[in-house]
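Asker: My file is final.tsv. It has TSV, C-alpha atoms and all ligand atoms:
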```
chain	number	residue	atom	x	y	z
A	407	MET	CA	2.58	-18.06	25.90
A	408	THR	CA	2.06	-14.31	26.28
A	409	ASP	CA	-0.79	-12.03	25.19
A	410	LEU	CA	1.61	-10.40	22.74
A	411	ARG	CA	1.15	-10.69	18.97
A	412	GLY	CA	3.51	-10.16	16.08
A	413	GLY	CA	2.87	-8.39	12.79
A	414	ILE	CA	4.95	-8.42	9.60
A	415	ASP	CA	4.51	-6.06	6.66
A	416	LEU	CA	6.29	-7.64	3.70
A	417	GLY	CA	7.10	-4.99	1.09
A	418	GLY	CA	9.18	-4.88	-2.07
A	419	THR	CA	11.89	-2.80	-0.40
A	420	LYS	CA	11.51	-3.42	3.33
A	421	ILE	CA	10.24	-5.90	5.89
A	422	GLN	CA	8.67	-4.11	8.87
A	423	THR	CA	7.86	-6.08	12.01
A	424	VAL	CA	6.13	-5.17	15.27
A	425	VAL	CA	5.22	-6.77	18.58
A	426	VAL	CA	1.99	-5.41	20.06
A	427	ASP	CA	0.18	-6.02	23.35
A	428	GLU	CA	-3.55	-6.66	23.90
A	429	THR	CA	-4.27	-2.91	23.54
A	430	ASN	CA	-2.37	-2.92	20.20
A	431	ALA	CA	0.40	-0.73	21.65
A	432	VAL	CA	3.74	-1.34	19.90
A	433	LEU	CA	6.32	-2.79	22.35
A	434	GLY	CA	9.05	-3.58	19.84
A	435	GLU	CA	9.73	-3.14	16.13
A	436	ALA	CA	12.39	-3.84	13.53
A	437	ARG	CA	12.92	-3.02	9.90
A	438	HIS	CA	15.10	-5.00	7.49
A	439	PRO	CA	15.66	-4.53	3.76
A	440	THR	CA	13.84	-7.11	1.61
A	441	PRO	CA	16.37	-9.45	-0.08
A	442	THR	CA	16.77	-8.55	-3.74
A	443	SER	CA	18.06	-11.97	-4.84
A	444	GLY	CA	17.62	-15.61	-3.96
A	445	GLY	CA	14.02	-16.65	-3.69
A	446	PRO	CA	11.06	-16.98	-1.32
A	447	GLU	CA	13.16	-19.03	1.16
A	448	ASN	CA	15.57	-16.08	1.51
A	449	VAL	CA	12.70	-13.68	2.02
A	450	ALA	CA	11.14	-15.97	4.65
A	451	ARG	CA	14.47	-16.13	6.49
A	452	ALA	CA	14.77	-12.33	6.47
A	453	MET	CA	11.20	-12.12	7.81
A	454	GLU	CA	12.09	-14.53	10.62
A	455	ASP	CA	15.16	-12.46	11.55
A	456	ALA	CA	13.17	-9.20	11.56
A	457	MET	CA	10.41	-10.79	13.66
A	458	ARG	CA	12.95	-12.12	16.18
A	459	GLU	CA	14.55	-8.67	16.40
A	460	ALA	CA	11.21	-6.99	17.16
A	461	ALA	CA	10.49	-9.65	19.79
A	462	ALA	CA	13.89	-9.05	21.39
A	463	ALA	CA	13.14	-5.30	21.44
A	464	ALA	CA	9.94	-6.16	23.33
A	465	SER	CA	11.99	-8.41	25.69
A	466	VAL	CA	10.26	-11.64	24.65
A	467	LYS	CA	11.10	-14.64	22.51
A	468	ALA	CA	9.25	-14.99	19.19
A	469	GLU	CA	8.13	-18.51	20.22
A	470	THR	CA	6.10	-17.05	23.12
A	471	LEU	CA	3.98	-14.80	20.88
A	472	ARG	CA	0.28	-15.77	20.60
A	473	GLY	CA	0.76	-15.66	16.87
A	474	VAL	CA	2.15	-13.64	13.98
A	475	GLY	CA	0.11	-12.00	11.20
A	476	VAL	CA	1.66	-11.26	7.81
A	477	GLY	CA	0.55	-8.71	5.21
A	478	SER	CA	1.91	-10.00	1.91
A	479	PRO	CA	1.92	-8.71	-1.66
A	480	GLY	CA	0.85	-10.98	-4.49
A	481	ASP	CA	-2.02	-13.43	-4.21
A	482	ALA	CA	-2.06	-14.28	-0.49
A	483	ASP	CA	-4.35	-17.18	0.43
A	484	GLY	CA	-5.42	-16.80	4.07
A	485	ALA	CA	-6.78	-20.35	4.27
A	486	THR	CA	-3.63	-22.14	3.11
A	487	GLY	CA	-0.90	-19.56	3.87
A	488	VAL	CA	0.34	-19.87	0.28
A	489	VAL	CA	1.55	-16.71	-1.50
A	490	SER	CA	1.67	-16.71	-5.32
A	491	GLY	CA	2.81	-14.25	-7.97
A	492	ALA	CA	4.49	-11.73	-5.65
A	493	ARG	CA	6.29	-10.18	-8.61
A	494	ASN	CA	8.09	-7.39	-6.75
A	495	LEU	CA	9.84	-10.00	-4.58
A	496	PRO	CA	12.85	-11.99	-5.86
A	497	GLY	CA	12.05	-15.26	-7.63
A	498	TRP	CA	8.44	-15.28	-6.41
A	499	GLU	CA	6.53	-15.65	-9.69
A	500	GLY	CA	5.22	-19.07	-8.56
A	501	SER	CA	3.69	-20.24	-5.28
A	502	PHE	CA	5.39	-20.56	-1.89
A	503	PRO	CA	3.91	-21.85	1.40
A	504	LEU	CA	4.93	-18.79	3.41
A	505	GLY	CA	2.61	-19.52	6.33
A	506	GLU	CA	3.98	-23.03	6.75
A	507	ALA	CA	7.62	-21.89	6.49
A	508	LEU	CA	7.18	-19.15	9.11
A	509	THR	CA	5.15	-21.38	11.45
A	510	LYS	CA	8.03	-23.83	11.43
A	511	ALA	CA	10.68	-21.11	11.82
A	512	LEU	CA	8.95	-19.14	14.58
A	513	ASP	CA	7.18	-22.06	16.29
A	514	THR	CA	3.89	-20.16	16.70
A	515	GLU	CA	0.66	-19.67	14.75
A	516	VAL	CA	1.15	-17.62	11.55
A	517	ARG	CA	-1.67	-16.12	9.49
A	518	ILE	CA	-1.29	-14.60	6.04
A	519	GLY	CA	-3.35	-11.76	4.56
A	520	ASN	CA	-3.20	-9.33	1.65
A	521	ASP	CA	-0.89	-6.39	2.47
A	522	VAL	CA	-3.30	-3.62	1.50
A	523	GLN	CA	-6.33	-5.31	3.06
A	524	VAL	CA	-4.61	-5.70	6.46
A	525	ALA	CA	-3.38	-2.09	6.35
A	526	VAL	CA	-6.93	-0.89	5.62
A	527	GLU	CA	-8.27	-3.02	8.48
A	528	GLY	CA	-5.62	-1.46	10.73
A	529	GLU	CA	-6.92	2.00	9.77
A	530	TYR	CA	-10.50	0.83	10.31
A	531	HIS	CA	-9.89	-0.52	13.82
A	532	LEU	CA	-7.12	1.76	15.10
A	533	GLY	CA	-6.60	4.68	12.72
A	534	ALA	CA	-8.45	7.20	10.57
A	535	GLY	CA	-11.39	4.85	9.91
A	536	ARG	CA	-12.36	4.32	13.58
A	537	PRO	CA	-15.53	6.49	13.54
A	538	PHE	CA	-17.05	4.73	10.53
A	539	GLY	CA	-18.86	1.50	9.76
A	540	SER	CA	-17.93	1.38	6.09
A	541	LEU	CA	-14.91	2.61	4.23
A	542	LEU	CA	-12.81	2.36	1.11
A	543	GLY	CA	-9.02	2.34	1.51
A	544	VAL	CA	-7.02	3.54	-1.48
A	545	TRP	CA	-3.32	2.65	-1.22
A	546	TRP	CA	-1.45	4.94	-3.60
A	547	GLY	CA	2.06	3.58	-4.16
A	548	THR	CA	3.98	1.57	-6.77
A	549	GLY	CA	0.57	0.33	-7.81
A	550	VAL	CA	-2.82	1.46	-6.54
A	551	GLY	CA	-4.34	-1.11	-4.19
A	552	GLY	CA	-7.54	-1.02	-2.22
A	553	GLY	CA	-9.46	-2.43	0.71
A	554	ILE	CA	-13.18	-2.38	1.46
A	555	ILE	CA	-14.97	-2.54	4.81
A	556	LEU	CA	-18.78	-2.87	4.63
A	557	ASP	CA	-20.95	-2.96	7.76
A	558	GLY	CA	-17.84	-3.43	9.88
A	559	LYS	CA	-16.57	-6.41	7.92
A	560	PRO	CA	-13.92	-6.71	5.24
A	561	TRP	CA	-15.36	-7.42	1.80
A	562	LEU	CA	-12.92	-9.75	0.06
A	563	GLY	CA	-15.20	-10.96	-2.73
A	564	ARG	CA	-13.86	-14.32	-3.89
A	565	GLY	CA	-10.42	-13.17	-2.72
A	566	ALA	CA	-9.66	-10.44	-5.23
A	567	ALA	CA	-12.02	-7.60	-4.31
A	568	ALA	CA	-11.08	-3.93	-4.01
A	569	GLU	CA	-8.65	-3.79	-6.96
A	570	ILE	CA	-9.50	-0.13	-7.35
A	571	GLY	CA	-6.28	0.46	-9.29
A	572	HIS	CA	-7.72	-1.54	-12.15
A	573	MET	CA	-11.02	0.30	-12.37
A	574	VAL	CA	-11.25	1.63	-15.91
A	575	VAL	CA	-11.08	5.40	-15.92
A	576	LYS	CA	-10.50	5.76	-19.66
A	577	ARG	CA	-11.52	3.27	-22.31
A	578	ASN	CA	-8.55	2.35	-24.54
A	579	GLY	CA	-6.46	4.64	-22.35
A	580	ALA	CA	-2.86	4.33	-21.14
A	581	ARG	CA	-1.26	0.89	-20.84
A	582	CYS	CA	-1.39	-0.41	-17.25
A	583	PRO	CA	1.38	-2.55	-15.67
A	584	CYS	CA	-1.33	-5.29	-15.56
A	585	GLY	CA	-1.27	-5.34	-19.38
A	586	ARG	CA	-4.74	-3.85	-19.89
A	587	ARG	CA	-5.59	-0.32	-20.91
A	588	GLY	CA	-7.11	2.65	-19.15
A	589	CYS	CA	-6.85	1.43	-15.53
A	590	MET	CA	-6.56	4.08	-12.80
A	591	GLU	CA	-3.14	2.62	-11.93
A	592	ALA	CA	-1.93	3.33	-15.47
A	593	TYR	CA	-2.11	7.03	-14.55
A	594	ALA	CA	-1.61	7.09	-10.77
A	595	GLY	CA	0.70	4.18	-9.89
A	596	ARG	CA	4.32	5.11	-9.26
A	597	ALA	CA	5.63	2.44	-11.64
A	598	ALA	CA	3.36	3.64	-14.46
A	599	MET	CA	4.23	7.29	-13.73
A	600	GLU	CA	7.92	6.46	-13.95
A	601	ALA	CA	7.47	4.63	-17.25
A	602	LYS	CA	5.55	7.63	-18.62
A	603	ALA	CA	8.27	10.04	-17.40
A	604	ARG	CA	10.93	7.94	-19.18
A	605	ARG	CA	8.94	7.95	-22.41
A	606	GLU	CA	8.42	11.72	-22.21
A	607	GLN	CA	12.13	12.33	-21.58
A	608	ALA	CA	13.08	10.03	-24.48
A	609	ALA	CA	10.72	12.10	-26.65
A	610	GLY	CA	12.63	15.26	-25.74
A	611	VAL	CA	10.62	16.66	-22.81
A	612	GLU	CA	12.87	18.46	-20.30
A	613	THR	CA	12.79	17.07	-16.76
A	614	ASP	CA	15.12	16.85	-13.77
A	615	LEU	CA	13.34	13.78	-12.35
A	616	PHE	CA	16.09	11.35	-13.36
A	617	LYS	CA	18.92	13.72	-12.37
A	618	ILE	CA	17.34	13.97	-8.92
A	619	MET	CA	17.04	10.18	-8.83
A	620	GLU	CA	20.77	9.79	-9.54
A	621	ARG	CA	21.76	12.55	-7.14
A	622	ARG	CA	19.87	10.74	-4.40
A	623	GLY	CA	21.50	7.41	-5.27
A	624	ARG	CA	18.23	5.73	-6.30
A	625	ASP	CA	17.54	3.50	-9.27
A	626	ARG	CA	13.86	4.38	-9.54
A	627	LEU	CA	11.57	7.33	-8.98
A	628	THR	CA	10.77	6.89	-5.29
A	629	SER	CA	8.22	9.08	-3.54
A	630	SER	CA	11.08	11.17	-2.15
A	631	VAL	CA	12.39	11.75	-5.71
A	632	TRP	CA	8.92	12.97	-6.74
A	633	GLU	CA	8.79	15.21	-3.69
A	634	HIS	CA	12.14	16.83	-4.51
A	635	ALA	CA	11.13	17.33	-8.14
A	636	LEU	CA	7.90	19.03	-7.04
A	637	ARG	CA	9.85	21.25	-4.66
A	638	GLU	CA	12.05	22.28	-7.60
A	639	LYS	CA	8.88	22.90	-9.65
A	640	ASP	CA	9.86	20.40	-12.33
A	641	PRO	CA	7.08	20.87	-14.93
A	642	LEU	CA	6.89	17.19	-15.98
A	643	ALA	CA	6.72	16.02	-12.34
A	644	GLU	CA	4.00	18.57	-11.63
A	645	SER	CA	1.92	17.59	-14.63
A	646	LEU	CA	2.24	13.83	-13.97
A	647	ILE	CA	1.23	14.23	-10.31
A	648	ARG	CA	-1.72	16.41	-11.33
A	649	ARG	CA	-2.76	13.77	-13.84
A	650	ALA	CA	-2.47	11.06	-11.14
A	651	VAL	CA	-4.64	13.13	-8.78
A	652	ARG	CA	-7.25	13.62	-11.50
A	653	TYR	CA	-7.60	9.91	-12.20
A	654	LEU	CA	-7.48	8.98	-8.51
A	655	GLY	CA	-10.47	11.27	-7.97
A	656	THR	CA	-12.28	9.79	-10.98
A	657	GLY	CA	-11.79	6.17	-9.90
A	658	ILE	CA	-12.62	6.86	-6.25
A	659	ALA	CA	-15.84	8.61	-7.26
A	660	SER	CA	-16.96	5.62	-9.34
A	661	ALA	CA	-16.20	3.23	-6.49
A	662	CYS	CA	-18.12	5.45	-4.05
A	663	ASN	CA	-21.10	5.71	-6.39
A	664	LEU	CA	-21.23	1.91	-6.33
A	665	LEU	CA	-20.57	1.28	-2.61
A	666	ASP	CA	-21.74	4.49	-0.89
A	667	VAL	CA	-19.16	4.13	1.91
A	668	GLU	CA	-18.95	6.67	4.73
A	669	ALA	CA	-15.25	7.42	4.28
A	670	VAL	CA	-12.28	7.09	1.95
A	671	VAL	CA	-8.83	6.62	3.51
A	672	ILE	CA	-5.79	7.38	1.36
A	673	GLY	CA	-2.61	5.50	2.29
A	674	GLY	CA	0.42	3.88	0.63
A	675	GLY	CA	3.87	5.31	-0.08
A	676	LEU	CA	2.73	8.24	-2.25
A	677	GLY	CA	-0.43	8.63	-0.18
A	678	GLU	CA	1.53	9.11	3.01
A	679	ARG	CA	3.92	11.57	1.41
A	680	PHE	CA	1.44	13.58	-0.65
A	681	GLY	CA	-1.89	12.79	1.00
A	682	GLU	CA	-2.06	15.89	3.19
A	683	ARG	CA	-1.07	18.11	0.29
A	684	TYR	CA	-3.35	16.60	-2.35
A	685	ALA	CA	-6.35	15.24	-0.39
A	686	SER	CA	-8.42	18.33	-1.15
A	687	GLU	CA	-7.52	18.14	-4.87
A	688	ILE	CA	-8.37	14.44	-5.03
A	689	GLU	CA	-11.63	15.32	-3.30
A	690	ARG	CA	-12.33	18.12	-5.78
A	691	GLU	CA	-11.80	15.72	-8.70
A	692	MET	CA	-13.95	13.11	-6.94
A	693	MET	CA	-16.78	15.58	-6.36
A	694	LYS	CA	-17.12	16.18	-10.11
A	695	HIS	CA	-18.39	12.60	-10.43
A	696	ILE	CA	-20.09	11.90	-7.10
A	697	PHE	CA	-23.75	11.13	-7.72
A	698	VAL	CA	-24.99	11.93	-4.18
A	699	SER	CA	-23.08	15.18	-4.03
A	700	ASP	CA	-24.90	16.59	-0.98
A	701	ASN	CA	-23.64	13.72	1.17
A	702	PRO	CA	-20.19	12.72	-0.10
A	703	PRO	CA	-17.86	10.34	1.79
A	704	LYS	CA	-15.27	11.89	4.11
A	705	MET	CA	-11.80	12.03	2.54
A	706	LEU	CA	-9.14	11.04	5.11
A	707	ILE	CA	-5.42	10.29	5.22
A	708	ALA	CA	-4.09	7.09	6.84
A	709	GLU	CA	-2.94	7.72	10.42
A	710	LEU	CA	-0.84	4.67	11.30
A	711	ASN	CA	1.90	5.52	8.76
A	712	ASP	CA	5.08	3.44	8.61
A	713	LEU	CA	3.96	0.80	11.11
A	714	GLY	CA	0.36	0.63	9.85
A	715	GLY	CA	0.84	-2.43	7.62
A	716	ALA	CA	2.56	-4.43	10.37
A	717	ILE	CA	0.06	-3.38	13.07
A	718	GLY	CA	-2.83	-4.23	10.70
A	719	ALA	CA	-1.21	-7.63	10.04
A	720	SER	CA	-1.04	-8.32	13.79
A	721	LEU	CA	-4.86	-8.03	13.86
A	722	LEU	CA	-5.00	-11.29	11.84
A	723	ILE	CA	-4.27	-12.91	15.21
A	724	THR	CA	-7.34	-12.33	17.38
A	725	PRO	CA	-6.36	-9.86	20.14
B	1	ZN	ZN	-4.55	-2.53	-14.67
```
Taking this structure as input, can you express it in the form of structure tokens?
Ligand SMILES: [Zn+2]
Answerer:
Amino acid sequence: MTDLRGGIDLGGTKIQTVVVDETNAVLGEARHPTPTSGGPENVARAMEDAMREAAAAASVKAETLRGVGVGSPGDADGATGVVSGARNLPGWEGSFPLGEALTKALDTEVRIGNDVQVAVEGEYHLGAGRPFGSLLGVWWGTGVGGGIILDGKPWLGRGAAAEIGHMVVKRNGARCPCGRRGCMEAYAGRAAMEAKARREQAAGVETDLFKIMERRGRDRLTSSVWEHALREKDPLAESLIRRAVRYLGTGIASACNLLDVEAVVIGGGLGERFGERYASEIEREMMKHIFVSDNPPKMLIAELNDLGGAIGASLLITP
């Protein structure tokens, strides 16, 4: 057995793996597309392959790793290793013992955590959150996820804490992908923004968003599609991003009024792409609602980027 640990970030489009040493330096990594058909068994096999490839890049065998941490979407139970309701993964509406399957496949200890929570812990220990004892992570992507660190420890609640995307920012407001109304995610999540853009276009609003999507060979409005539309000053793209920023600021302010954390870290697919550009606007919107306005939290952008989720997952195995 070595002192090396593995980390796997399981996403809806890609599986990112890393091998890190005891200082958390990345010695090997691999990225595979997430299977789009089959079921959890297929996904687990693709995760095994990607983990073995990262190990090979670090010149070790996966079996010699101290352990492998996994950041998973859906309801990830750290105690049992079971993942349920991972709806952006193929055939994963039910429950699957992911921890058990990977332990068997990789012949080492495997620990499962929530994807956003492990990414936020990565930022807390190794990234933008290092100087602080408390922080709120806001992961702005397909949905809007969150992670909370209080007094140096993750606050998980009963397992479902930090769902900042479902804080109500407007009573009886827009329909959220969760089925309720007025959630922050209903305005700021990429899936909700795409649904809104489609409705607007169907109602006759001019936009190049979907032309850009086709030109770039995509079947959904990815963060790069949004970026190109903004560069071309597409009015609908601009107004939907501005609206997202407004509600992000509103929701973050409410969360900060409740928790009084030292810092807010913005991450996720859209966060990484637009964070630098919009952090000051999100902050301006937040400041309108911050109760202790002479001592607001610091607004920061995630630093670990592409590998952050996998590195954060590797921290599930004690260094
Ligand atoms: Zn919701």
Asker: Using all atoms listed in the file, what are the residues with an atom within 10 Å of ligand ZN 1 (chain B), set out as an mmCIF file with C-alpha atoms, in the frame of the given file?
Answerer:
```cif
data_model
loop_
_atom_site.group_PDB
_atom_site.id
_atom_site.type_symbol
_atom_site.label_atom_id
_atom_site.label_comp_id
_atom_site.auth_asym_id
_atom_site.auth_seq_id
_atom_site.Cartn_x
_atom_site.Cartn_y
_atom_site.Cartn_z
ATOM 1 C CA GLY A 549 0.570 0.330 -7.810
ATOM 2 C CA VAL A 550 -2.820 1.460 -6.540
ATOM 3 C CA GLU A 569 -8.650 -3.790 -6.960
ATOM 4 C CA ILE A 570 -9.500 -0.130 -7.350
ATOM 5 C CA GLY A 571 -6.280 0.460 -9.290
ATOM 6 C CA HIS A 572 -7.720 -1.540 -12.150
ATOM 7 C CA MET A 573 -11.020 0.300 -12.370
ATOM 8 C CA VAL A 574 -11.250 1.630 -15.910
ATOM 9 C CA ALA A 580 -2.860 4.330 -21.140
ATOM 10 C CA ARG A 581 -1.260 0.890 -20.840
ATOM 11 C CA CYS A 582 -1.390 -0.410 -17.250
ATOM 12 C CA PRO A 583 1.380 -2.550 -15.670
ATOM 13 C CA CYS A 584 -1.330 -5.290 -15.560
ATOM 14 C CA GLY A 585 -1.270 -5.340 -19.380
ATOM 15 C CA ARG A 586 -4.740 -3.850 -19.890
ATOM 16 C CA ARG A 587 -5.590 -0.320 -20.910
ATOM 17 C CA GLY A 588 -7.110 2.650 -19.150
ATOM 18 C CA CYS A 589 -6.850 1.430 -15.530
ATOM 19 C CA MET A 590 -6.560 4.080 -12.800
ATOM 20 C CA GLU A 591 -3.140 2.620 -11.930
ATOM 21 C CA ALA A 592 -1.930 3.330 -15.470
ATOM 22 C CA TYR A 593 -2.110 7.030 -14.550
ATOM 23 C CA GLY A 595 0.700 4.180 -9.890
#
```
Asker: If you count all atoms listed in the file, which residues fall within 8 Å of Glu459 of chain A, apart from same-chain ones fewer than 3 positions away, as a PDB file with C-alpha atoms, keeping the file's coordinate frame?
Answerer:
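Output file selection26.pdb follows:
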```
ATOM      1  CA  GLU A 435       9.730  -3.140  16.130  1.00  0.00           C
ATOM      2  CA  ALA A 436      12.390  -3.840  13.530  1.00  0.00           C
ATOM      3  CA  ASP A 455      15.160 -12.460  11.550  1.00  0.00           C
ATOM      4  CA  ALA A 456      13.170  -9.200  11.560  1.00  0.00           C
ATOM      5  CA  ALA A 462      13.890  -9.050  21.390  1.00  0.00           C
ATOM      6  CA  ALA A 463      13.140  -5.300  21.440  1.00  0.00           C
TER       7      ALA A 463
END
```
Asker: Would you mind telling me which residue in A:Met705, A:Val474, A:Leu542, A:Val466 lies nearest to Pro725 of chain A when using all atoms listed in the file?
Answerer: A:Val474
Asker: Write out as a PyMOL selection string each polymer residue whose atoms come within 10 Å of His634 of chain A, counting all atoms listed in the file; drop sequence neighbours fewer than 6 positions from it.
Answerer: chain A and resi 614-615+618-619+622+640+643
Asker: Please list as a list in words every residue within 9 Å of segment 501-514 of chain A, counting only C-alpha atoms and excluding residues in the same chain fewer than 5 positions away.
Answerer: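 The residues that qualify are Pro446, Glu447, Ala450, Arg451, Met453, Glu454, Met457, Arg458, Ala468, Glu469, Thr470, Leu471, Arg472, Gly473, Val474, Val476, Asp481, Gly484, Thr486, Gly487, Val488, Val489, Ser490, Gly491 and Ala492 of chain A.
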Asker: By how many Å are atom CA of Gly533 of chain A and atom CA of Glu691 of chain A apart?
Answerer: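 Those two atoms sit 24.7 Å apart.
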Asker: In Å, with one decimal, what is the gap from atom CA of Gly475 of chain A to atom CA of Arg679 of chain A?
Answerer: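 Between atom CA of Gly475 of chain A and atom CA of Arg679 of chain A the gap is 25.8 Å.
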Asker: Would you please work out which residue, of A:Leu713, A:Leu721, A:Ile555, A:Ile658, is nearest to Thr423 of chain A when using all atoms listed in the file?
Answerer: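 Once distances to Thr423 of chain A are computed over all atoms listed in the file, the minimum belongs to A:Leu713.
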Asker: Ranking A:Glu709, A:Leu541, A:Ile723, A:Tyr653 by minimum distance to Asp557 of chain A and counting only C-alpha atoms, which one comes first?
Answerer: A:Leu541
Asker: Complete segment 571-592 of chain A with N, CA and C atoms (output as a short mmCIF file (atom, residue, chain, number, x, y, z; two decimals), in the frame of the given file).
Answerer:
```cif
data_model
loop_
_atom_site.label_atom_id
_atom_site.label_comp_id
_atom_site.auth_asym_id
_atom_site.auth_seq_id
_atom_site.Cartn_x
_atom_site.Cartn_y
_atom_site.Cartn_z
N GLY A 571 -7.27 0.01 -8.31
CA GLY A 571 -6.28 0.46 -9.29
C GLY A 571 -6.60 0.02 -10.70
N HIS A 572 -7.41 -1.03 -10.81
CA HIS A 572 -7.72 -1.54 -12.15
C HIS A 572 -9.16 -1.23 -12.55
N MET A 573 -9.77 -0.24 -11.87
CA MET A 573 -11.02 0.30 -12.37
C MET A 573 -10.69 1.08 -13.64
N VAL A 574 -11.52 0.95 -14.64
CA VAL A 574 -11.25 1.63 -15.91
C VAL A 574 -11.69 3.08 -15.81
N VAL A 575 -10.74 3.98 -15.97
CA VAL A 575 -11.08 5.40 -15.92
C VAL A 575 -11.03 6.03 -17.31
N LYS A 576 -10.50 5.27 -18.29
CA LYS A 576 -10.50 5.76 -19.66
C LYS A 576 -10.44 4.57 -20.61
N ARG A 577 -11.49 4.41 -21.38
CA ARG A 577 -11.52 3.27 -22.31
C ARG A 577 -10.43 3.44 -23.37
N ASN A 578 -9.70 2.31 -23.63
CA ASN A 578 -8.55 2.35 -24.54
C ASN A 578 -7.52 3.41 -24.14
N GLY A 579 -7.40 3.65 -22.84
CA GLY A 579 -6.46 4.64 -22.35
C GLY A 579 -5.06 4.09 -22.22
N ALA A 580 -4.27 4.69 -21.30
CA ALA A 580 -2.86 4.33 -21.14
C ALA A 580 -2.70 2.87 -20.75
N ARG A 581 -1.58 2.29 -21.14
CA ARG A 581 -1.26 0.89 -20.84
C ARG A 581 -0.94 0.76 -19.36
N CYS A 582 -1.58 -0.18 -18.69
CA CYS A 582 -1.39 -0.41 -17.25
C CYS A 582 -0.31 -1.48 -17.06
N PRO A 583 0.44 -1.45 -15.94
CA PRO A 583 1.38 -2.55 -15.67
C PRO A 583 0.71 -3.93 -15.70
N CYS A 584 -0.62 -4.00 -15.52
CA CYS A 584 -1.33 -5.29 -15.56
C CYS A 584 -1.51 -5.78 -16.99
N GLY A 585 -1.17 -4.93 -17.98
CA GLY A 585 -1.27 -5.34 -19.38
C GLY A 585 -2.52 -4.82 -20.07
N ARG A 586 -3.51 -4.37 -19.29
CA ARG A 586 -4.74 -3.85 -19.89
C ARG A 586 -4.60 -2.35 -20.11
N ARG A 587 -5.67 -1.75 -20.61
CA ARG A 587 -5.59 -0.32 -20.91
C ARG A 587 -6.61 0.48 -20.10
N GLY A 588 -6.18 1.69 -19.72
CA GLY A 588 -7.11 2.65 -19.15
C GLY A 588 -7.41 2.48 -17.67
N CYS A 589 -6.65 1.60 -16.97
CA CYS A 589 -6.85 1.43 -15.53
C CYS A 589 -6.42 2.71 -14.80
N MET A 590 -6.98 2.94 -13.62
CA MET A 590 -6.56 4.08 -12.80
C MET A 590 -5.05 4.00 -12.52
N GLU A 591 -4.56 2.79 -12.24
CA GLU A 591 -3.14 2.62 -11.93
C GLU A 591 -2.23 3.03 -13.09
N ALA A 592 -2.73 2.94 -14.31
CA ALA A 592 -1.93 3.33 -15.47
C ALA A 592 -1.58 4.82 -15.44
#
```
